[in-house]
Amino acid sequence: MYLQLLTQPCLSHNLNQDSDLSSSFSFLPHCAYIGEVESNSFYQDGDVVLGGVFPLHYTRVSSLPPYTSKPEPGSYKFFSARALRWMQTMTFAIREINQRNDLLPALRLGFHIKDSCNEVPVSLKASLLLVNGQPGPPATGNGMLGCADVTRSPSPVIIGDASSGVSMALLRSLGPFQIPLVSYFASCSCLSEQTEFPMFMRTMPSDAFQVRALARLVSHFGWTWVGVIGEESDYAYFAVQLFLQESSLYGVCAAYVHHFPVVLSQKPLDKLLDVIQGSSSKVIINFCIETEVQSIMRAIRQRNITGIQWIAGEAWATANSLWGEFGDLLSGTLGFGIRRAEVIPGLKQHLSSLRRSNIQDSAFLTEFWEESLNCRLNGSVNTHYHYIDNHLDRKPCSGMEDLNDVYAAFSDVSQLRVSYNVYKAVYLVAHALQRMSDCVLGQGPFVNGTCGKPQSLEPWQLFHYMKITKFSILGEKVDFDHNGDPIALYDLINWRREQDGSLRLLKVGFYDASLSPELSLVVNDSAIQWPVGQQAIRSVCSESCPPGKRVARRKGKPVCCFDCVTCAEGEVSNNTDSLDCTRCQDDMWPNDMRNLCLPKNVEFLSYNEPMGVVLCAGSVLGACFSLLVLALFFKHKASPVVRANNMELSFFLLLFLATCFLIGLLFIGEPSDWLCRTRYPAFGISFALCISCLLAKTSVVLMAFRATLPGSGVMKWFGPNQQRASVLLCTVVQGSICLIWLRTNPPFTNSNTGYLRNTIIIECATGSEVGFWCVLGYIGLLACLCFFMAFLARELPDNFNEAKFITFSMLIFFAVWITFIPVYMSTAGKYTVAVHIFAILASAYGLLFCIFAPKCYIIILNPEKNSKKNMMHK
């Protein structure tokens, strides 16, 4: 299986650079490799050779090619000991599998591992060499490398790359040939799109899970105003976009979003720091790799920017190499790291087995030795140099150097995260090969039940088995979803400074995407070391609105920037940062803080309050006075004063006045439907009786004097029976009005919540306003007739003519009830009832005292005037 760069007929390239360009190509009858062969790699032959690409070098040194000669191999600023550990983890896993009897016992795995330099061109070239097979020395005598010269087997699968952007480029190039790619560190959620990248799997969780974890984290600590920065790469662009979408669900806003170039020069650095310093946000989420973090930290130190809470993306959340130079700036950093393996048995011994005697065979190992110990080996095959230091100027190695004397990330197995992903990726391929080997012909997944054959492996067949493979490793169940993504499980890492100044990547929580959103994030707040102080810093655009207030958005500002507005009358908010206030129920009212609805005060005229006691006493006293006068008149019923002006009507009037006084008691106390339907008719009928008696008395007085005219027969129509009948008739009319009122729309109990904001007024609603005013109007009509007739009889010759007293009493009656109407209409609650009772008592007392006080005075204090002679004398 080869991906032939050039197929028949293909071009051959004359390696002699001095030859003419037009004669440097010729058609050959067979394919040929063009270009130089890259010899720097790890290789071990096997029945199936797994390919691997790792970013051993990164950050190319910028140079301007002259375009007059072939470009020299690129030089890079940094060498990654971590990436070398990843490479060695892959070799260790393959050798471990080859030693097992329960996994691929009849198949021997090999490996071919190359450096991607974290660049698309280099990684693409390495990947094409891996899947085509590595050529050896030319077998033809003409310097050409033919297909038959392949000495290293092609790889049906590639484990790599670390970068999402590089992985996307590889997939677009290798995808049409159905070469599967298994990444151990590419996390961009865009890679989960199976229609675009159908041959991709990874042991690294997708950023879709990471950003959910980050959104939950900032929400957990109440950070609603955060800065978001990232490099100009597919990884950062997709991660930032997903974070903004996810964090908005938790009410988190971005104070700014800033992307910077992958290679940071001074101008973009200054622009980035201007953005950071110009913002009030103290929490920054950084989606980039450790090399960009180094540049940013150096610039931040120059500007003396402190007090920032850094939130690391998983790309640098465990990059402890940053601590040595920037520990003072990064202390307290939080970030999610991929799940760590506590230990991979045998890996530490495998890494520690590196000795000077076995490193000269590999340029990678030689470079690592010289970089770590800062010396140059005799006969070194290392051709790389970094920064401005030339490796040729290093002093020779003495032979006494030992890697154990210096710290190296290569041998540090305390944070096996990406290495663990590499380990799982190798085992994923191994278990897929095992399933392929176990396939029974006729029951296979392919056409006509056929199975794939490891001996003649087709990459797309291997990928089919990889997609359905599930296995357990080091106690963890490894499973993949339909997109080829593993179930996400992150450790929350806190960068903690130990007493000796060293870094401790302390696990202070975790995020498990398999759990419900409420339980997915667990944080041990007490174990966190913060950049400043003992508590998490505040990072909000606006302070939270307490209960009792609501959020008012600021026009043109993010939703996290707002003002707090007190809830309107009758509304409450009992949560922090409420968007709206809730109106209390009609029988409830807010407390002073407007965060709780309390039952409204219930108001009605009660016997227990002073006003109720006074009015009750006035009613009882008025009834008692009426009955006392009635008793006094009954005792002196034979006296002229009592007998004058119709004694029987006087007795009726006193009795009805006592009833009017007692009617006032019906208006005191908590209203009920039966009480409301009793008080108004009782009031109307009782006053109709009183005024009817006065009308009859006035009519009799007036007609008595008219009857003295010769030949007048008027008095026969005003005898005792007629007087009683007139009183009854007038009262029947009022009773009919009340009956119609009660049958159509009677009074009822009403809870009035609209007049006073915090009080429920329990009152008697009149039901029909027409009925109420008809009752009151009929009383007024009788009073007007009575006043008119009394006014006509006021000058009649009689010392004890009652007409003048009735006239005066009617004037008081009118004054009381005319005043009552506007006051009644303008008050509510118990004061309306009090006004009504007062009008009843005032008018009744006016009738009682104006009509009967003079007679009582004669009977009690001036009895000598209680004679017929005195009464008849003018």
# chains A, B, ... in the order shown; residues from 1 in each chain; ligands from 1
>>> residues_around(residues="Asp512 of chain A", least_positions_apart="6", cutoff="8 Å", atoms="only C-alpha atoms", output="list in words")
Ala488, Leu489, Tyr490, Ser520 and Leu521 of chain A
>>> atom_distance(atom1="atom CA of His836 of chain A", atom2="atom CA of Tyr824 of chain A")
7.2 Å
>>> residues_around(residues="Glu231 of chain A", least_positions_apart="3", cutoff="6 Å", atoms="only C-alpha atoms", output="list in words")
Ala236, His259, Phe260, Pro261, Val262 and Cys288 of chain A
>>> write_last_selection(atoms="N, CA, C and O atoms", output="PDB file, in the first residue's frame")
ATOM      1  N   ALA A 236      -8.140  28.103  18.679  1.00  0.00           N
ATOM      2  CA  ALA A 236      -8.578  29.219  19.511  1.00  0.00           C
ATOM      3  C   ALA A 236      -9.872  29.835  19.009  1.00  0.00           C
ATOM      4  O   ALA A 236     -10.756  30.178  19.803  1.00  0.00           O
ATOM      5  N   HIS A 259      -7.796  38.255  19.648  1.00  0.00           N
ATOM      6  CA  HIS A 259      -6.954  37.229  19.045  1.00  0.00           C
ATOM      7  C   HIS A 259      -5.620  37.859  18.641  1.00  0.00           C
ATOM      8  O   HIS A 259      -5.579  38.991  18.139  1.00  0.00           O
ATOM      9  N   PHE A 260      -4.544  37.123  18.855  1.00  0.00           N
ATOM     10  CA  PHE A 260      -3.214  37.627  18.547  1.00  0.00           C
ATOM     11  C   PHE A 260      -2.494  36.632  17.648  1.00  0.00           C
ATOM     12  O   PHE A 260      -2.826  35.438  17.622  1.00  0.00           O
ATOM     13  N   PRO A 261      -1.493  37.094  16.898  1.00  0.00           N
ATOM     14  CA  PRO A 261      -0.782  36.194  15.983  1.00  0.00           C
ATOM     15  C   PRO A 261      -0.063  35.082  16.735  1.00  0.00           C
ATOM     16  O   PRO A 261       0.310  35.221  17.900  1.00  0.00           O
ATOM     17  N   VAL A 262       0.130  33.973  16.025  1.00  0.00           N
ATOM     18  CA  VAL A 262       0.832  32.845  16.635  1.00  0.00           C
ATOM     19  C   VAL A 262       2.267  33.241  16.978  1.00  0.00           C
ATOM     20  O   VAL A 262       2.788  32.896  18.046  1.00  0.00           O
ATOM     21  N   CYS A 288      -4.308  29.327  24.122  1.00  0.00           N
ATOM     22  CA  CYS A 288      -3.107  29.318  23.289  1.00  0.00           C
ATOM     23  C   CYS A 288      -2.182  28.228  23.813  1.00  0.00           C
ATOM     24  O   CYS A 288      -2.534  27.489  24.737  1.00  0.00           O
TER      25      CYS A 288
END
>>> select_by_dssp(residues="segment 220-342 of chain A", states="helix (DSSP H, G or I)", output="JSON, numbers by chain")
{"A": [220, 234, 235, 236, 237, 238, 239, 240, 241, 242, 243, 244, 245, 246, 247, 248, 266, 267, 268, 269, 270, 271, 272, 273, 274, 275, 276, 277, 290, 291, 292, 293, 294, 295, 296, 297, 298, 299, 300, 301, 302, 303, 320, 321, 322, 323, 324, 325, 326, 327, 328, 329, 330]}
>>> write_last_selection(atoms="C-alpha atoms", output="CSV table (one decimal), in the first residue's frame")
chain,number,residue,atom,x,y,z
A,220,HIS,CA,-19.2,28.9,40.0
A,234,ASP,CA,-8.5,27.2,14.3
A,235,TYR,CA,-8.2,25.8,17.9
A,236,ALA,CA,-8.6,29.2,19.5
A,237,TYR,CA,-11.2,30.6,17.2
A,238,PHE,CA,-13.5,27.6,17.7
A,239,ALA,CA,-12.8,27.5,21.4
A,240,VAL,CA,-13.5,31.2,21.9
A,241,GLN,CA,-16.7,31.0,19.9
A,242,LEU,CA,-18.0,28.0,21.8
A,243,PHE,CA,-17.1,29.6,25.2
A,244,LEU,CA,-19.0,32.8,24.4
A,245,GLN,CA,-22.1,30.8,23.4
A,246,GLU,CA,-21.9,28.5,26.5
A,247,SER,CA,-21.0,31.1,29.1
A,248,SER,CA,-23.9,33.3,28.0
A,266,GLN,CA,6.1,43.7,19.9
A,267,LYS,CA,3.3,45.5,18.1
A,268,PRO,CA,0.6,42.9,18.6
A,269,LEU,CA,1.9,42.3,22.2
A,270,ASP,CA,1.4,46.0,23.0
A,271,LYS,CA,-2.0,45.9,21.5
A,272,LEU,CA,-3.0,42.9,23.6
A,273,LEU,CA,-1.6,44.5,26.8
A,274,ASP,CA,-3.4,47.7,26.1
A,275,VAL,CA,-6.7,45.8,25.9
A,276,ILE,CA,-5.9,44.0,29.2
A,277,GLN,CA,-5.0,47.2,31.0
A,290,GLU,CA,2.8,27.6,26.1
A,291,THR,CA,5.1,29.4,23.7
A,292,GLU,CA,2.6,32.3,23.3
A,293,VAL,CA,2.1,32.3,27.1
A,294,GLN,CA,5.8,32.9,27.5
A,295,SER,CA,5.7,35.9,25.2
A,296,ILE,CA,2.7,37.3,27.0
A,297,MET,CA,4.1,36.8,30.4
A,298,ARG,CA,7.3,38.6,29.5
A,299,ALA,CA,5.4,41.6,28.3
A,300,ILE,CA,3.2,41.6,31.3
A,301,ARG,CA,6.2,41.6,33.6
A,302,GLN,CA,7.6,44.6,31.7
A,303,ARG,CA,4.4,46.6,32.3
A,320,ASN,CA,5.0,23.4,34.2
A,321,SER,CA,7.9,24.6,32.1
A,322,LEU,CA,6.4,28.1,32.4
A,323,TRP,CA,6.9,28.1,36.2
A,324,GLY,CA,10.6,28.7,36.4
A,325,GLU,CA,10.5,32.1,34.8
A,326,PHE,CA,6.9,33.2,35.5
A,327,GLY,CA,6.0,31.6,38.7
A,328,ASP,CA,5.2,34.9,40.4
A,329,LEU,CA,2.7,35.8,37.7
A,330,LEU,CA,1.1,32.4,37.3
>>> atom_distance(atom1="atom CA of Ile159 of chain A", atom2="atom CA of Pro105 of chain A")
22.0 Å
>>> closest_residue(among="A:Arg216, A:Arg339, A:Lys453, A:Lys507", to="Lys424 of chain A", atoms="only C-alpha atoms")
A:Arg339
>>> closest_residue(among="A:Ala853, A:Met588, A:Ala527, A:Gln88", to="Lys348 of chain A", atoms="only C-alpha atoms")
A:Gln88
>>> closest_residue(among="A:Arg417, A:Lys804, A:Lys855, A:His112", to="Glu314 of chain A", atoms="only C-alpha atoms")
A:Arg417
>>> closest_residue(among="A:Ser419, A:Asn595, A:Ser280, A:Asn862", to="Phe54 of chain A", atoms="only C-alpha atoms")
A:Ser419
